[in-house]
Structure formats: C-alpha cells, structure tokens
file protein.cif (mmCIF, C-alpha atoms)
data_my_file
#
loop_
_atom_site.label_atom_id
_atom_site.label_comp_id
_atom_site.auth_asym_id
_atom_site.auth_seq_id
_atom_site.Cartn_x
_atom_site.Cartn_y
_atom_site.Cartn_z
CA MET A 1 -57.94 -34.98 83.54
CA ALA A 2 -61.36 -35.10 85.21
CA PRO A 3 -62.82 -31.75 86.36
CA SER A 4 -62.51 -32.82 90.00
CA ASP A 5 -58.79 -33.55 89.47
CA ARG A 6 -57.98 -30.08 88.14
CA PRO A 7 -56.26 -27.67 90.51
CA VAL A 8 -58.63 -24.98 91.77
CA HIS A 9 -57.61 -21.36 91.37
CA PRO A 10 -56.43 -19.76 94.62
CA TYR A 11 -57.65 -16.21 95.31
CA ARG A 12 -55.83 -13.36 96.97
CA ILE A 13 -57.85 -11.33 99.46
CA GLY A 14 -58.61 -8.54 96.97
CA GLU A 15 -59.71 -10.98 94.27
CA ALA A 16 -61.94 -12.87 96.70
CA ALA A 17 -63.46 -9.61 97.93
CA ALA A 18 -64.25 -8.56 94.36
CA MET A 19 -65.86 -11.94 93.66
CA LEU A 20 -68.16 -11.57 96.66
CA GLY A 21 -68.79 -7.85 96.26
CA VAL A 22 -67.28 -6.84 99.61
CA SER A 23 -64.22 -4.86 100.63
CA ALA A 24 -60.82 -6.43 101.15
CA ASP A 25 -61.09 -5.34 104.80
CA THR A 26 -64.29 -7.37 105.16
CA MET A 27 -62.54 -10.42 103.69
CA ARG A 28 -59.64 -9.96 106.13
CA ARG A 29 -62.06 -9.71 109.05
CA TRP A 30 -63.84 -12.89 107.95
CA VAL A 31 -60.50 -14.71 107.70
CA ASP A 32 -59.32 -13.32 111.05
CA ALA A 33 -62.61 -14.39 112.67
CA GLY A 34 -62.20 -17.92 111.31
CA ARG A 35 -65.25 -17.77 109.02
CA LEU A 36 -63.00 -18.46 106.04
CA GLY A 37 -59.62 -20.15 105.94
CA ALA A 38 -56.55 -18.75 104.24
CA THR A 39 -52.90 -19.63 103.92
CA ARG A 40 -49.97 -17.43 102.97
CA ASP A 41 -48.11 -17.69 99.70
CA GLU A 42 -44.33 -17.37 99.28
CA HIS A 43 -44.69 -13.56 99.35
CA GLY A 44 -46.72 -13.52 102.56
CA HIS A 45 -50.04 -12.71 100.82
CA ARG A 46 -53.16 -14.42 102.12
CA ILE A 47 -54.50 -16.99 99.70
CA ILE A 48 -57.97 -18.54 99.82
CA PRO A 49 -58.44 -21.84 97.97
CA GLY A 50 -61.06 -21.56 95.23
CA ALA A 51 -63.14 -24.50 96.44
CA GLN A 52 -63.26 -23.02 99.94
CA LEU A 53 -64.26 -19.59 98.60
CA ALA A 54 -67.00 -21.21 96.50
CA ALA A 55 -68.38 -23.04 99.55
CA PHE A 56 -68.31 -19.80 101.57
CA ALA A 57 -70.10 -17.93 98.74
CA ARG A 58 -72.80 -20.62 98.68
CA GLU A 59 -73.23 -20.21 102.43
CA LEU A 60 -73.58 -16.42 102.13
CA ALA A 61 -76.21 -16.85 99.41
CA LYS A 62 -78.47 -19.18 101.41
CA PRO A 63 -82.04 -17.92 101.78
CA GLU A 64 -81.86 -17.98 105.57
CA ASN A 65 -79.04 -15.44 105.44
CA ALA A 66 -81.29 -13.10 103.45
CA ALA A 67 -84.09 -13.79 105.94
CA ALA A 68 -81.73 -12.90 108.80
CA GLU A 69 -81.31 -9.50 107.14
CA GLY A 70 -85.09 -9.04 107.30
CA ARG A 71 -85.94 -9.66 103.66
CA PRO A 72 -87.02 -13.26 103.07
CA SER A 73 -87.56 -13.94 99.38
CA SER A 74 -87.69 -16.77 96.89
CA ALA A 75 -85.24 -14.88 94.67
CA ARG A 76 -81.65 -16.06 95.05
CA ASN A 77 -79.69 -13.56 92.97
CA ARG A 78 -79.20 -10.31 94.87
CA PHE A 79 -76.90 -7.52 93.74
CA PRO A 80 -76.58 -4.68 96.26
CA GLY A 81 -75.37 -1.46 94.72
CA ILE A 82 -75.98 2.22 94.11
CA VAL A 83 -78.51 3.83 91.80
CA THR A 84 -76.61 5.62 89.04
CA ASP A 85 -79.49 6.81 86.85
CA VAL A 86 -83.28 6.98 86.84
CA LEU A 87 -85.21 7.91 83.71
CA LEU A 88 -88.85 8.62 84.54
CA GLY A 89 -91.47 8.27 81.83
CA ASP A 90 -95.20 8.83 82.08
CA VAL A 91 -95.84 5.25 83.21
CA ALA A 92 -92.49 3.46 83.47
CA ALA A 93 -89.04 4.18 84.89
CA GLN A 94 -85.67 2.90 83.77
CA VAL A 95 -83.43 2.35 86.79
CA GLU A 96 -79.70 1.75 86.47
CA ILE A 97 -77.80 0.22 89.40
CA GLN A 98 -74.03 -0.28 89.63
CA ALA A 99 -73.57 -3.41 91.74
CA GLY A 100 -69.84 -3.95 92.13
CA PRO A 101 -68.53 -4.47 88.60
CA PHE A 102 -72.04 -5.12 87.28
CA ARG A 103 -74.38 -2.60 85.66
CA VAL A 104 -78.01 -3.68 86.05
CA VAL A 105 -80.82 -1.89 84.22
CA SER A 106 -84.44 -2.51 85.12
CA LEU A 107 -87.77 -1.23 83.85
CA ILE A 108 -90.28 -0.73 86.66
CA SER A 109 -93.36 1.39 87.10
CA ARG A 110 -92.86 5.10 87.66
CA GLU A 111 -94.97 4.78 90.80
CA SER A 112 -92.63 2.09 92.21
CA ALA A 113 -89.52 4.15 91.47
CA GLU A 114 -91.04 7.15 93.23
CA GLU A 115 -92.29 5.12 96.23
CA LEU A 116 -88.86 3.53 96.66
CA GLY A 117 -87.15 6.92 96.47
CA LEU A 118 -84.89 5.76 93.66
CA VAL A 119 -82.61 8.62 92.71
CA PRO A 120 -78.94 8.66 91.68
CA GLY A 121 -76.84 7.97 94.77
CA ALA A 122 -79.51 5.96 96.62
CA PRO A 123 -78.59 2.44 97.79
CA ALA A 124 -80.64 -0.31 96.14
CA THR A 125 -80.52 -4.03 95.51
CA ALA A 126 -81.26 -5.63 92.15
CA VAL A 127 -83.07 -8.89 92.88
CA ILE A 128 -83.07 -11.18 89.86
CA LYS A 129 -85.34 -14.16 89.47
CA SER A 130 -85.65 -15.81 86.08
CA THR A 131 -85.84 -13.04 83.49
CA ASN A 132 -87.28 -10.39 85.84
CA VAL A 133 -85.40 -7.88 87.96
CA VAL A 134 -87.09 -6.68 91.13
CA VAL A 135 -85.66 -3.52 92.72
CA GLU A 136 -85.79 -3.20 96.51
CA SER A 137 -84.74 -0.15 98.48
CA ARG A 138 -82.53 -0.78 101.50
#

call {"tool": "encode", "arguments": {"input": "protein.cif", "output": "structure tokens"}}
result
Amino acid sequence: MAPSDRPVHPYRIGEAAAMLGVSADTMRRWVDAGRLGATRDEHGHRIIPGAQLAAFARELAKPENAAAEGRPSSARNRFPGIVTDVLLGDVAAQVEIQAGPFRVVSLISRESAEELGLVPGAPATAVIKSTNVVVESR
C-alpha cells in the first residue's frame, strides 16, 4: 500500500488541541467558525481528519501568521509556554520552559535572561532554528 493510499488518523477535538498546543475550547471555536472542518463519529464526538488537521497546522505555522502577531522572524519552530526554572550563573543562564507537553532547556546569557524578565511563572516562547534556541518574552 502506497503512503498516499493509507487511511489517515482522525483526531478527536482534545487530541487535535494537544497536537496544536491549544485548548479544546479553542479547537471547538475554530470548528464552529468554519476555520477547520469536523464530522461526528458514531458516538457524536467531533472528528477532524488527519490530513485536514495537518493542512490547518501548516497554515498556522506560516511566517505571515507570526508577523501578524508582531514578531516576524526567519525561525519557524515556535513553542509558547511558561518558564519553569531559571538558573543564573555569573555569565550564563539556564532557562527551562514547559511548552505544552514539551520541556525545552536553553542556555542564554545572564544579561538576556535578566532583560527579558525570565523567572518561573513568566510566559515565554522557545524559538528554535537549526540547533539554537532563542528565547523571546511575550
């Protein structure tokens, strides 16, 4: 069976929300607004076809969507989350961010961590390009 002939996994609202790092309520609002299509399974649960969810995820990740949020960047991998730990050294800082199910740890300058106000509980976005992680405050 060719990869294009394989059935694509359908996602329930909660699963789709977890994949995109948003709440189930946000997914429901997007479906209700017609931004994303869904059908109902035999139990009445909303189901989003995997291929459709993938296309929607690609659309959300487009650079112009990041630019619309006021932060144009060449980096494509953005993980919004919450700072869970900051270890300050004399020169460097280790910053830990929980971004949905992902734990991201970055080493940045102490000066940058202080300027960004990175403390446990602060919102932050891990921006990953190649092997580097750039931390932006939001």

call {"tool": "resolve_selection", "arguments": {"input": "protein.cif", "expression": "the PyMOL selection byres ((chain A and resi 134) around 12)", "output": "MDAnalysis selection string"}}
result
chainID A and resid 73:80 95 97 104:109 112:113 116 124:133 135:137

call {"tool": "closest_residue", "arguments": {"input": "protein.cif", "among": "A:Ala92, A:Ile82, A:Leu53, A:Ala122", "to": "Ala18 of chain A", "atoms": "only C-alpha atoms"}}
result
A:Leu53

call {"tool": "closest_residue", "arguments": {"input": "protein.cif", "among": "A:Ala55, A:Val83, A:Ala38, A:Val119", "to": "Pro10 of chain A", "atoms": "all atoms listed in the file"}}
result
A:Ala38

call {"tool": "residues_around", "arguments": {"input": "protein.cif", "residues": "segment 24-35 of chain A", "least_positions_apart": "4", "cutoff": "12 Å", "atoms": "all atoms listed in the file", "output": "count of residues only"}}
result
23

call {"tool": "closest_residue", "arguments": {"input": "protein.cif", "among": "A:Gly81, A:Val86, A:Gly117, A:Arg110", "to": "Gly21 of chain A", "atoms": "only C-alpha atoms"}}
result
A:Gly81

call {"tool": "atom_distance", "arguments": {"input": "protein.cif", "atom1": "atom CA of His9 of chain A", "atom2": "atom CA of Pro49 of chain A"}}
result
6.7 Å

call {"tool": "atom_distance", "arguments": {"input": "protein.cif", "atom1": "atom CA of Gly100 of chain A", "atom2": "atom CA of Glu114 of chain A"}}
result
24.0 Å

call {"tool": "atom_distance", "arguments": {"input": "protein.cif", "atom1": "atom CA of Ser23 of chain A", "atom2": "atom CA of Glu42 of chain A"}}
result
23.5 Å

call {"tool": "closest_residue", "arguments": {"input": "protein.cif", "among": "A:Val22, A:Ala54, A:Ala99, A:Leu118", "to": "Leu87 of chain A", "atoms": "only C-alpha atoms"}}
result
A:Leu118
